[in-house]
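Coordinates from final_24.txt are shown below (compact mmCIF, C-alpha atoms).
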# COMPACT_ATOMS: atom_id res chain seq x y z
CA MET U 1 0.00 0.00 0.00
CA THR U 2 1.33 3.46 -0.91
CA ILE U 3 0.65 6.39 1.35
CA ASN U 4 0.78 9.81 -0.26
CA GLN U 5 2.71 12.25 1.89
CA PRO U 6 2.85 15.99 1.37
CA ALA U 7 6.04 16.99 -0.46
CA CYS U 8 7.21 19.09 2.46
CA LEU U 9 6.93 16.27 5.02
CA PRO U 10 10.41 14.71 4.53
CA ARG U 11 11.93 18.20 4.45
CA ARG U 12 10.25 19.17 7.72
CA ARG U 13 11.32 15.91 9.35
CA ALA U 14 14.95 16.53 8.34
CA CYS U 15 14.77 20.17 9.41
CA LEU U 16 13.44 19.32 12.82
CA ALA U 17 15.86 16.47 13.36
CA LEU U 18 18.71 18.92 12.75
CA MET U 19 17.24 21.30 15.33
CA LEU U 20 17.26 18.78 18.18
CA PRO U 21 20.66 19.98 19.48
CA LEU U 22 19.27 23.53 19.80
CA LEU U 23 16.19 22.25 21.57
CA ALA U 24 18.32 20.12 23.88
CA SER U 25 20.53 23.11 24.78
CA LEU U 26 17.42 24.87 26.07
CA GLY U 27 16.12 21.81 27.83
CA LEU U 28 13.53 21.30 25.11
CA GLY U 29 14.89 18.22 23.40
CA GLN U 30 13.29 14.86 23.13
CA PRO U 31 14.74 11.57 21.93
CA ALA U 32 14.90 11.25 18.15
CA HIS U 33 12.75 8.14 18.27
CA ALA U 34 9.96 10.20 19.91
CA ILE U 35 9.55 12.41 16.84
CA VAL U 36 6.51 11.40 14.86
CA VAL U 37 5.26 12.76 11.57
CA ASP U 38 2.25 14.44 13.16
CA ALA U 39 4.51 16.32 15.57
CA ALA U 40 6.59 18.02 12.84
CA PRO U 41 4.65 21.31 12.90
CA VAL U 42 4.72 21.29 16.69
CA LEU U 43 8.48 20.82 16.73
CA GLU U 44 8.96 23.56 14.14
CA ARG U 45 7.07 25.92 16.46
CA ARG U 46 9.25 24.80 19.37
CA VAL U 47 12.41 25.56 17.39
CA LYS U 48 11.13 29.01 16.43
CA ALA U 49 10.07 29.71 20.02
CA ALA U 50 13.58 28.77 21.18
CA PHE U 51 15.06 31.15 18.63
CA LEU U 52 12.73 33.96 19.76
CA TYR U 53 13.87 33.48 23.32
CA LYS U 54 17.53 33.45 22.26
CA PHE U 55 17.08 36.66 20.20
CA LEU U 56 16.41 38.53 23.45
CA GLY U 57 19.99 38.03 24.54
CA TYR U 58 21.31 39.61 21.35
CA ALA U 59 19.09 42.69 21.15
CA ASP U 60 19.58 45.99 22.96
CA PHE U 61 16.37 47.97 23.32
CA PRO U 62 16.37 51.78 23.66
CA ALA U 63 16.68 53.08 27.21
CA GLY U 64 13.17 54.56 27.10
CA SER U 65 11.68 51.14 26.32
CA PHE U 66 11.30 50.30 30.00
CA ALA U 67 9.39 52.34 32.57
CA ASP U 68 11.82 51.30 35.32
CA ALA U 69 14.31 48.61 36.34
CA THR U 70 11.53 46.14 37.16
CA THR U 71 9.64 46.42 33.86
CA PRO U 72 9.67 43.02 32.14
CA VAL U 73 10.58 42.34 28.54
CA SER U 74 7.25 41.90 26.76
CA ILE U 75 6.73 39.49 23.88
CA GLY U 76 3.54 39.31 21.84
CA VAL U 77 2.61 36.48 19.49
CA VAL U 78 -0.08 36.92 16.83
CA GLY U 79 -1.59 33.96 15.03
CA ALA U 80 0.08 31.14 16.94
CA ASP U 81 -1.29 30.55 20.42
CA ASP U 82 0.65 27.27 20.58
CA MET U 83 3.88 29.19 20.04
CA ALA U 84 2.96 31.71 22.74
CA ALA U 85 2.39 28.81 25.12
CA GLU U 86 5.74 27.24 24.22
CA LEU U 87 7.55 30.55 24.59
CA THR U 88 5.89 31.06 27.98
CA ARG U 89 7.19 27.64 29.03
CA ILE U 90 10.72 28.42 27.80
CA ALA U 91 10.84 31.85 29.48
CA ALA U 92 9.35 30.74 32.80
CA GLY U 93 11.68 31.70 35.63
CA ARG U 94 14.37 33.06 33.30
CA LEU U 95 15.71 36.59 33.13
CA VAL U 96 17.11 38.60 30.24
CA ALA U 97 19.40 41.47 31.26
CA GLY U 98 17.99 41.11 34.77
CA ARG U 99 14.38 41.42 33.61
CA MET U 100 11.50 38.97 33.77
CA ILE U 101 9.87 38.00 30.47
CA THR U 102 6.15 38.20 29.79
CA VAL U 103 4.56 36.46 26.81
CA ARG U 104 1.08 37.16 25.49
CA ALA U 105 -0.96 35.60 22.72
CA LEU U 106 -2.46 38.60 20.94
CA ARG U 107 -5.25 39.32 18.51
CA GLU U 108 -4.99 41.95 15.80
CA GLN U 109 -6.88 44.49 17.89
CA ASP U 110 -4.24 44.17 20.66
CA LEU U 111 -1.33 45.40 18.55
CA ALA U 112 -1.47 49.02 19.73
CA GLN U 113 -0.11 48.06 23.14
CA PRO U 114 3.67 48.54 23.46
CA LEU U 115 5.80 45.42 23.02
CA HIS U 116 9.50 44.76 22.98
CA VAL U 117 9.14 41.77 20.64
CA LEU U 118 6.31 40.83 18.29
CA PHE U 119 6.10 37.57 16.36
CA VAL U 120 3.60 37.49 13.47
CA ALA U 121 2.84 33.92 12.45
CA GLY U 122 1.80 32.87 8.97
CA GLU U 123 2.94 33.03 5.39
CA ASP U 124 0.59 35.78 4.16
CA ASN U 125 2.83 38.74 3.22
CA ALA U 126 0.00 41.26 2.93
CA ARG U 127 -1.34 40.30 6.38
CA ALA U 128 2.13 40.46 7.92
CA ALA U 129 2.76 43.91 6.42
CA ARG U 130 -0.60 45.18 7.71
CA LEU U 131 0.02 43.82 11.22
CA LEU U 132 3.55 45.21 11.35
CA ARG U 133 2.25 48.67 10.40
CA ALA U 134 -0.38 48.47 13.16
CA ALA U 135 2.04 47.18 15.79
CA ASN U 136 3.71 49.18 18.53
CA ALA U 137 6.69 46.82 18.77
CA GLN U 138 10.43 47.24 18.55
CA LEU U 139 11.85 43.87 17.50
CA THR U 140 9.48 42.35 14.95
CA VAL U 141 9.80 38.77 13.71
CA THR U 142 7.87 37.11 10.87
CA GLU U 143 7.92 33.82 8.97
CA CYS U 144 6.71 34.74 5.48
CA ASP U 145 8.72 34.98 2.27
CA GLY U 146 8.47 38.78 2.11
CA GLY U 147 8.87 39.44 5.83
CA LEU U 148 11.83 41.81 5.57
CA ARG U 149 10.21 43.71 2.68
CA SER U 150 7.13 44.08 4.88
CA GLY U 151 9.19 45.82 7.57
CA SER U 152 10.15 42.96 9.85
CA VAL U 153 13.51 43.09 11.62
CA ILE U 154 13.94 39.29 11.58
CA ASN U 155 12.27 36.75 9.30
CA PHE U 156 12.39 32.98 9.75
CA THR U 157 13.15 30.93 6.66
CA ILE U 158 13.96 27.30 5.85
CA VAL U 159 17.39 26.85 4.24
CA ASP U 160 18.94 23.46 3.57
CA ASP U 161 16.25 21.83 5.71
CA ARG U 162 17.02 24.02 8.71
CA VAL U 163 15.18 26.84 10.42
CA ARG U 164 17.28 29.92 9.75
CA PHE U 165 16.63 33.65 9.87
CA ASP U 166 17.32 36.77 7.84
CA VAL U 167 17.88 40.20 9.41
CA SER U 168 17.12 43.72 8.17
CA LEU U 169 19.53 46.22 9.69
CA ASP U 170 17.46 49.10 8.30
CA ALA U 171 14.31 47.88 10.07
CA ALA U 172 16.27 47.44 13.32
CA GLU U 173 17.68 50.95 13.00
CA LYS U 174 14.22 52.44 12.41
CA LYS U 175 13.06 50.79 15.63
CA ASN U 176 16.23 51.85 17.52
CA VAL U 177 17.06 48.24 18.31
CA LYS U 178 20.73 47.30 18.26
CA LEU U 179 21.48 43.74 17.28
CA SER U 180 24.65 42.03 18.43
CA SER U 181 27.26 41.18 15.83
CA ARG U 182 27.17 37.65 17.26
CA LEU U 183 23.54 37.36 16.11
CA LEU U 184 24.38 38.77 12.69
CA THR U 185 27.18 36.26 12.13
CA VAL U 186 24.78 33.33 12.49
CA ALA U 187 22.03 34.88 10.36
CA ASN U 188 21.33 33.33 6.98
CA ARG U 189 21.32 36.77 5.38
CA VAL U 190 21.85 40.30 6.70
CA GLN U 191 20.21 42.99 4.63
CA LYS U 192 21.29 46.62 4.60
CA GLY U 193 19.62 49.04 2.21
CA ALA U 194 17.00 48.33 -0.46
CA THR U 195 16.16 44.71 -1.32
The structure given in the file should be rewritten as structure tokens.
Amino acid sequence: MTINQPACLPRRRACLALMLPLLASLGLGQPAHAIVVDAAPVLERRVKAAFLYKFLGYADFPAGSFADATTPVSIGVVGADDMAAELTRIAAGRLVAGRMITVRALREQDLAQPLHVLFVAGEDNARAARLLRAANAQLTVTECDGGLRSGSVINFTIVDDRVRFDVSLDAAEKKNVKLSSRLLTVANRVQKGAT
């Protein structure tokens, strides 16, 4: 009997298998034999959530971004409640630059509230561009093909069966967010100027 699998299924399996060391370094790994086909999208979200958490350590937000020394770093997630839940789990009890981390699953109408980081899920470029324009966020992260052109600072992409990311220095500069050179050296692509 032949079972038809979506064309992207082997690619996702390979991509996620390669990400297990990253997951393990954050205490998120699971044995390779525990990965099942149905879990591939879940694991991809876990990898991206781990990256989002790690980005915090490589971004310097403007001094005026925090009301005082106890103000937490705020992360909003639009369109992926499962990712918000995973990111909440990862960030629980951890500090970034001495600050607690809050994670919220947001709806489009919530985007006016100030955020340090916003992740916009989905592959719809027009939607991502619209949400980024409406957002009051400093470090914006997307996962669509035109994410950087839409104004995102960081955009997830799949390269050689791995979750990677591209960075727009212009978008970061417009938001007054300074990204560490260490982050830029591991980026798939760093964009400066027009695309």
Point-to-point distance from CA of Asn176 in chain U to CA of Arg133 in chain U, Å rounded to tenths: 16.0 Å
Of the listed residues U:Gly122, U:Pro72, U:Gly151, U:Pro62, that which approaches Arg94 in chain U most closely, counting all atoms listed in the file: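 That would be U:Pro72, the residue with the smallest distance to Arg94 in chain U.
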Would you kindly identify which residues have an atom no farther than 7 Å from (12.4, 38.3, 15.2), using all atoms listed in the file and the file's own coordinates, and write them out as an mmCIF file with C-alpha atoms, in the frame of the given file?
data_model
loop_
_atom_site.group_PDB
_atom_site.id
_atom_site.type_symbol
_atom_site.label_atom_id
_atom_site.label_comp_id
_atom_site.auth_asym_id
_atom_site.auth_seq_id
_atom_site.Cartn_x
_atom_site.Cartn_y
_atom_site.Cartn_z
ATOM 1 C CA LEU U 52 12.730 33.960 19.760
ATOM 2 C CA PHE U 119 6.100 37.570 16.360
ATOM 3 C CA LEU U 139 11.850 43.870 17.500
ATOM 4 C CA THR U 140 9.480 42.350 14.950
ATOM 5 C CA VAL U 141 9.800 38.770 13.710
ATOM 6 C CA THR U 142 7.870 37.110 10.870
ATOM 7 C CA VAL U 153 13.510 43.090 11.620
ATOM 8 C CA ILE U 154 13.940 39.290 11.580
ATOM 9 C CA ASN U 155 12.270 36.750 9.300
#
Top pick for closest residue to Ala97 in chain U, considering U:Glu44, U:Asp68, U:Asp60, U:Asp110 and counting only C-alpha atoms: U:Asp60
Atom pair CA of Ser65 in chain U / CA of Gln138 in chain U: separation (Å):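 One can read the CA of Ser65 in chain U to CA of Gln138 in chain U distance as 8.8 Å.
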Counting only C-alpha atoms, the residue of U:Ile90, U:Val96, U:Ala85, U:Ala134 that sits nearest Gln109 in chain U: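 Nearest candidate to Gln109 in chain U out of U:Ile90, U:Val96, U:Ala85, U:Ala134: U:Ala134.
Pairwise distance (CA of Asp82 in chain U, CA of Ser180 in chain U) equals 28.3 Å.
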Selected residue of minimal separation from Ile75 in chain U among U:Leu118, U:Leu43, U:Ala63, U:Ala126, counting only C-alpha atoms: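 The shortest atom-to-atom distance to Ile75 in chain U comes from U:Leu118.
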Selected residue of minimal separation from Pro114 in chain U among U:Val73, U:Leu148, U:Ala128, U:Met83, counting all atoms listed in the file: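 Distance minimum relative to Pro114 in chain U lands on U:Val73.
Of the listed residues U:Ala91, U:Thr185, U:Ala80, U:Ala172, the one whose atoms come nearest to Val42 in chain U is U:Ala80, with distances taken using all atoms listed in the file.
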